[in-house]
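> Coordinates in my_file00.tsv, TSV, C-alpha atoms, are listed below.
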```tsv
chain	number	residue	atom	x	y	z
X	1	MET	CA	86.52	72.90	152.17
X	2	THR	CA	83.07	74.36	151.52
X	3	PHE	CA	82.36	77.84	152.88
X	4	ALA	CA	80.20	77.62	156.02
X	5	LEU	CA	78.25	80.66	157.17
X	6	LYS	CA	78.97	82.12	160.60
X	7	ALA	CA	77.08	84.84	162.47
X	8	PRO	CA	79.51	87.36	164.02
X	9	VAL	CA	78.01	90.07	166.22
X	10	LEU	CA	77.30	93.18	164.13
X	11	GLU	CA	76.50	96.44	165.91
X	12	GLY	CA	75.32	99.82	164.73
X	13	THR	CA	73.68	102.82	166.39
X	14	LEU	CA	70.12	101.46	166.48
X	15	VAL	CA	70.48	97.69	166.43
X	16	ARG	CA	72.88	94.93	167.41
X	17	LEU	CA	72.69	91.67	165.48
X	18	GLU	CA	73.46	88.78	167.82
X	19	PRO	CA	73.68	85.08	166.87
X	20	LEU	CA	70.20	83.69	167.51
X	21	ALA	CA	69.95	81.71	170.75
X	22	HIS	CA	67.34	80.52	173.21
X	23	ARG	CA	68.19	83.44	175.50
X	24	HIS	CA	66.30	85.59	172.99
X	25	ALA	CA	63.12	83.50	173.22
X	26	ALA	CA	61.16	85.59	175.74
X	27	ASP	CA	61.84	88.84	173.90
X	28	LEU	CA	60.99	87.31	170.53
X	29	ALA	CA	57.76	85.87	171.90
X	30	ALA	CA	56.75	89.36	173.03
X	31	ALA	CA	57.74	90.81	169.65
X	32	ALA	CA	55.83	88.14	167.73
X	33	GLY	CA	52.80	88.68	169.96
X	34	GLU	CA	52.28	92.26	168.78
X	35	ASP	CA	49.98	93.18	165.89
X	36	ARG	CA	50.58	90.50	163.24
X	37	GLY	CA	48.82	92.24	160.38
X	38	THR	CA	52.01	92.63	158.32
X	39	TYR	CA	53.02	88.95	158.45
X	40	ALA	CA	50.65	87.46	155.88
X	41	PHE	CA	53.42	86.12	153.63
X	42	THR	CA	56.30	85.84	156.13
X	43	TRP	CA	57.45	83.07	158.47
X	44	VAL	CA	56.98	84.59	161.91
X	45	PRO	CA	56.43	82.21	164.84
X	46	GLY	CA	53.50	82.63	167.15
X	47	ALA	CA	54.40	83.66	170.69
X	48	ASP	CA	54.08	80.01	171.79
X	49	GLU	CA	56.16	78.72	168.84
X	50	VAL	CA	59.36	80.70	169.38
X	51	GLY	CA	61.27	77.85	171.03
X	52	ALA	CA	60.57	75.52	168.10
X	53	TYR	CA	61.39	78.36	165.67
X	54	ILE	CA	64.80	78.85	167.27
X	55	ASP	CA	65.43	75.09	167.22
X	56	ALA	CA	64.62	74.98	163.50
X	57	GLN	CA	66.93	77.88	162.68
X	58	LEU	CA	69.77	76.45	164.76
X	59	ALA	CA	69.37	73.11	162.97
X	60	ARG	CA	69.75	74.93	159.66
X	61	ALA	CA	72.75	76.79	161.06
X	62	ALA	CA	74.44	73.48	161.88
X	63	THR	CA	74.55	72.71	158.15
X	64	GLY	CA	76.57	75.87	157.43
X	65	ARG	CA	73.87	77.14	155.04
X	66	LEU	CA	72.28	79.61	157.49
X	67	ALA	CA	73.59	82.16	159.98
X	68	PRO	CA	70.56	83.32	162.01
X	69	TYR	CA	70.43	86.51	164.07
X	70	ALA	CA	68.29	88.13	166.70
X	71	GLN	CA	67.81	91.85	166.08
X	72	VAL	CA	68.37	93.59	169.42
X	73	SER	CA	67.21	97.17	169.85
X	74	LEU	CA	69.96	99.28	171.40
X	75	ALA	CA	67.31	101.61	172.82
X	76	THR	CA	65.73	98.86	174.94
X	77	GLY	CA	68.25	96.02	175.00
X	78	ARG	CA	65.48	93.64	173.90
X	79	ALA	CA	65.32	91.36	170.87
X	80	VAL	CA	62.70	92.78	168.50
X	81	GLY	CA	62.95	90.43	165.55
X	82	ALA	CA	65.16	88.12	163.54
X	83	THR	CA	67.09	87.96	160.28
X	84	ALA	CA	69.75	85.75	158.69
X	85	TYR	CA	72.34	85.07	156.05
X	86	TRP	CA	71.18	82.19	153.88
X	87	GLU	CA	72.20	80.06	150.88
X	88	PRO	CA	75.95	80.70	150.53
X	89	ARG	CA	77.26	80.09	147.03
X	90	SER	CA	80.89	79.49	146.11
X	91	TRP	CA	81.35	79.28	142.36
X	92	LEU	CA	85.05	80.04	141.84
X	93	THR	CA	86.62	78.23	144.81
X	94	ASP	CA	85.11	76.15	147.60
X	95	ASP	CA	86.60	78.18	150.44
X	96	ALA	CA	85.56	81.68	149.32
X	97	LEU	CA	82.05	83.11	149.18
X	98	ASP	CA	80.79	84.58	145.92
X	99	ALA	CA	77.13	85.22	146.78
X	100	VAL	CA	74.77	85.01	149.74
X	101	GLU	CA	71.14	85.75	150.49
X	102	VAL	CA	69.78	87.92	153.31
X	103	GLY	CA	66.40	86.70	154.47
X	104	PHE	CA	64.22	85.16	157.19
X	105	THR	CA	63.65	88.75	158.34
X	106	TRP	CA	60.85	89.93	160.60
X	107	LEU	CA	60.38	92.69	163.15
X	108	ALA	CA	57.88	93.49	165.88
X	109	ARG	CA	55.17	95.79	164.57
X	110	SER	CA	56.26	98.56	166.96
X	111	THR	CA	59.81	98.45	165.51
X	112	GLN	CA	58.86	98.62	161.84
X	113	GLY	CA	59.63	101.99	160.27
X	114	THR	CA	62.07	103.02	163.04
X	115	GLY	CA	65.29	102.56	161.07
X	116	VAL	CA	66.18	99.23	162.68
X	117	ASN	CA	65.53	97.27	159.49
X	118	ALA	CA	67.56	99.72	157.40
X	119	GLU	CA	70.53	99.49	159.75
X	120	ALA	CA	70.31	95.71	160.02
X	121	LYS	CA	70.50	95.50	156.22
X	122	LEU	CA	73.40	97.98	156.21
X	123	LEU	CA	75.34	95.85	158.70
X	124	LEU	CA	74.62	92.57	156.90
X	125	PHE	CA	75.43	93.92	153.45
X	126	ARG	CA	78.61	95.63	154.65
X	127	HIS	CA	79.93	92.45	156.25
X	128	ALA	CA	79.08	90.40	153.18
X	129	PHE	CA	80.73	92.77	150.70
X	130	GLU	CA	83.63	94.10	152.75
X	131	VAL	CA	84.61	91.13	154.92
X	132	TRP	CA	83.53	88.09	152.93
X	133	GLY	CA	84.14	89.83	149.60
X	134	VAL	CA	80.98	88.60	147.89
X	135	SER	CA	80.10	89.74	144.40
X	136	ARG	CA	76.36	89.62	145.03
X	137	VAL	CA	73.75	89.71	147.81
X	138	ASP	CA	70.28	88.32	147.09
X	139	LEU	CA	66.94	89.16	148.65
X	140	LYS	CA	63.65	87.47	147.81
X	141	THR	CA	60.06	87.60	148.95
X	142	ASP	CA	56.65	86.28	148.03
X	143	ALA	CA	55.75	88.04	144.76
X	144	ARG	CA	52.42	89.03	146.33
X	145	ASN	CA	54.03	90.74	149.31
X	146	GLU	CA	53.92	94.36	148.21
X	147	ARG	CA	54.99	95.66	151.63
X	148	SER	CA	58.12	93.51	151.68
X	149	ARG	CA	58.95	94.34	148.07
X	150	ALA	CA	58.71	98.07	148.81
X	151	ALA	CA	61.04	97.65	151.80
X	152	ILE	CA	63.57	95.74	149.70
X	153	GLU	CA	63.47	98.37	146.97
X	154	LYS	CA	64.23	101.07	149.56
X	155	THR	CA	67.60	99.41	150.20
X	156	GLY	CA	68.60	100.09	146.60
X	157	ALA	CA	68.39	96.44	145.56
X	158	ARG	CA	67.51	95.87	141.91
X	159	PHE	CA	64.47	93.83	140.90
X	160	GLU	CA	65.46	90.94	138.63
X	161	GLY	CA	62.14	89.23	138.03
X	162	VAL	CA	59.69	86.69	139.41
X	163	LEU	CA	60.64	83.03	139.56
X	164	ARG	CA	57.55	80.84	139.49
X	165	ASN	CA	57.05	78.07	142.06
X	166	TRP	CA	60.50	78.99	143.38
X	167	SER	CA	60.26	78.58	147.15
X	168	ARG	CA	58.04	77.52	150.01
X	169	SER	CA	54.92	79.54	150.73
X	170	TRP	CA	54.49	80.84	154.27
X	171	ALA	CA	50.99	82.21	153.67
X	172	PRO	CA	48.32	80.78	155.99
X	173	GLY	CA	46.41	77.95	154.34
X	174	GLU	CA	49.20	77.31	151.80
X	175	GLU	CA	51.16	74.75	153.80
X	176	GLY	CA	52.99	72.32	151.51
X	177	ARG	CA	52.67	74.63	148.50
X	178	LEU	CA	55.22	76.63	146.55
X	179	ARG	CA	55.05	80.34	145.86
X	180	ASP	CA	56.25	82.68	143.14
X	181	SER	CA	59.25	84.64	144.46
X	182	ALA	CA	60.28	88.17	143.52
X	183	ILE	CA	64.08	88.23	143.27
X	184	TYR	CA	66.26	91.26	144.03
X	185	SER	CA	70.01	91.71	144.22
X	186	ILE	CA	72.85	94.10	144.96
X	187	THR	CA	76.20	93.58	143.24
X	188	SER	CA	79.60	94.63	144.51
X	189	ALA	CA	79.70	97.44	141.93
X	190	GLU	CA	76.37	98.76	143.24
X	191	TRP	CA	77.26	98.41	146.92
X	192	PRO	CA	78.85	101.87	147.50
X	193	GLY	CA	75.70	103.65	146.30
X	194	CYS	CA	73.44	101.35	148.30
X	195	GLU	CA	75.63	101.81	151.38
X	196	GLU	CA	75.27	105.59	151.25
X	197	ARG	CA	71.54	105.31	150.67
X	198	LEU	CA	71.08	103.07	153.71
X	199	ALA	CA	73.45	105.15	155.84
X	200	ARG	CA	71.38	108.28	155.13
X	201	ARG	CA	68.23	106.47	156.23
X	202	VAL	CA	69.89	105.32	159.45
X	203	ARG	CA	71.21	108.79	160.23
X	204	SER	CA	67.77	110.26	159.66
X	205	ALA	CA	66.14	107.68	161.94
X	206	ALA	CA	68.74	108.17	164.66
X	207	VAL	CA	68.15	111.93	164.92
X	208	PRO	CA	64.93	112.76	166.81
X	209	PRO	CA	62.63	115.31	165.19
X	210	ALA	CA	63.41	118.86	166.21
X	211	ALA	CA	61.18	120.16	168.96
X	212	VAL	CA	58.40	122.35	167.62
X	213	PRO	CA	58.40	125.67	169.44
X	214	PRO	CA	55.14	126.59	171.13
X	215	VAL	CA	52.86	128.96	169.32
X	216	VAL	CA	52.80	132.29	171.09
X	217	THR	CA	49.71	134.38	170.58
X	218	PRO	CA	50.62	138.07	170.69
X	219	ARG	CA	48.79	140.17	173.22
X	220	ARG	CA	46.50	142.82	171.88
```
When written as C-alpha cells, how does the structure in this file appear?


Amino acid sequence: MTFALKAPVLEGTLVRLEPLAHRHAADLAAAAGEDRGTYAFTWVPGADEVGAYIDAQLARAATGRLAPYAQVSLATGRAVGATAYWEPRSWLTDDALDAVEVGFTWLARSTQGTGVNAEAKLLLFRHAFEVWGVSRVDLKTDARNERSRAAIEKTGARFEGVLRNWSRSWAPGEEGRLRDSAIYSITSAEWPGCEERLARRVRSAAVPPAAVPPVVTPRR
C-alpha cells in the first residue's frame, strides 16, 4: 500500500488549517482580491477563479499526492489563504512516509506578516515530523522569488541549491514554461531547533504590543 496524504484539521492560537473545500470559496475570493503585488511568482487564483482552483486542488488530493488546506484566521473565522502537503515520498517501505513537501502556500496581503504563516508552518512541520515520522520536509520556490525565499529561511529551513528547469513557472506570461527552483529542507535532527524558532515567532505575534503611556508635559 502506498502512503496517501490526508489533511487532518490542525489548530493553533492564530490559525486553524482546515481541509480545503468549496465552503471556503467566498472567503478565499475576498482574500485573493486584495493587493496582489506579492504574488508575481506564486499560483494564487483570481477572485473569479477560486472555484476552479479548489476543483484543481481537490483533483490532486484524490490521487493521494496532495493534502490541501484553507488557512482560517482564528481572529475572524474567515479563510485567509491556502497551503498544502505535497509530493509524499516513501523510500524504505510503501506504507510509511519518509519525506514530504509543504507548498502551494499563499495568504491575503492583509494577513502577511501577522504570524499566521509562521504558525501554519509550525503546525504542518510538527504533524509531519511527530505524527507521520518523516525524516525530511521540503520547501521550494521560484529562484527569483526573493520574498518567498526570505520567508522560508525565517522558518530555519536550510538552503540546498537551485535546480534548473525543475518545476512549472507560475509567473505571468510564462505559461507552459519551466522555472529554476530554490530548494530548502528541514531534517528530523534539525526539527527541534526549528520548532522553537517558529514557536517564538508565534508567541511574539500573539502578544499585542504594550500600550504606550501618554506623554505628560509637566506644568511649569

> Need to verify the contact set: Trp170 in chain X, 9 Å, all atoms listed in the file, exclusion of same-chain residues closer than 3 positions in sequence. Can you return it as a ChimeraX atom specification?

/X:40-44,142,173-175,177-179

> Let me make sure I understand: among X:Gly37, X:Val15, X:Leu5, X:Gly161, which one has the smallest atom-to-atom distance to Ala84 in chain X if we use only C-alpha atoms?

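Of X:Gly37, X:Val15, X:Leu5, X:Gly161, the one nearest Ala84 in chain X, counting only C-alpha atoms, is X:Leu5.
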
> Between CA of His127 in chain X and CA of Asp27 in chain X, what distance in Å does the model show, to one decimal?

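That distance, rounded to one decimal, is 25.5 Å.
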
> Quick one: everything within 9 Å of range 55-68 of chain X, counting all atoms listed in the file, minus sequence neighbours fewer than 6 positions away in the same chain. Send it as a list in words.

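Listed by chain and then number, they are Thr2, Phe3, Ala4, Leu5, Lys6, Ala7, Pro8, Glu18, Pro19, Leu20, Ala21, His22, Ala82, Thr83, Ala84, Tyr85, Trp86, Glu87, Pro88 and Phe104 of chain X.
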
> For CA of Ser73 in chain X and CA of Arg201 in chain X, determine how far apart the two atoms are, in Å to one decimal place.

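Pair CA of Ser73 in chain X / CA of Arg201 in chain X returns 16.5 Å.
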
> Skipping near chain neighbours, those fewer than 6 positions away, what residues fall within 9 Å of Asp138 in chain X using only C-alpha atoms, listed as a short mmCIF file (atom, residue, chain, number, x, y, z; two decimals) with C-alpha atoms, in the frame of the given file?


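Writing the result to part-v7.cif gives the following:
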```cif
data_model
loop_
_atom_site.label_atom_id
_atom_site.label_comp_id
_atom_site.auth_asym_id
_atom_site.auth_seq_id
_atom_site.Cartn_x
_atom_site.Cartn_y
_atom_site.Cartn_z
CA ALA X 99 77.13 85.22 146.78
CA VAL X 100 74.77 85.01 149.74
CA GLU X 101 71.14 85.75 150.49
CA VAL X 102 69.78 87.92 153.31
CA GLY X 103 66.40 86.70 154.47
CA ALA X 157 68.39 96.44 145.56
CA ILE X 183 64.08 88.23 143.27
CA TYR X 184 66.26 91.26 144.03
CA SER X 185 70.01 91.71 144.22
CA ILE X 186 72.85 94.10 144.96
CA THR X 187 76.20 93.58 143.24
#
```

> Which one is closest to Leu107 in chain X: X:Asp95, X:Glu130, X:Glu196, X:Glu34? Count only C-alpha atoms.

X:Glu34

> Tell me, in Å to one decimal, how far CA of Arg126 in chain X is from CA of Ala75 in chain X.

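Interatomic distance, CA of Arg126 in chain X to CA of Ala75 in chain X: 22.2 Å.
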
> Which residues, protein or nucleic acid, reach to within 8 Å of (53.8, 92.5, 152.8) in the file's coordinates when using only C-alpha atoms, and can you give that as a PyMOL selection string?

chain X and resi 38-42+144-149

> Do you know which residues are at most 9 Å from range 111-124 of chain X counting all atoms listed in the file, after dropping those on the same chain fewer than 2 positions away, and could you put them as a ChimeraX atom specification?

/X:10-17,31,71,73,80-81,83-85,102,105-109,126-129,151,154-155,194-195,198-199,201-206
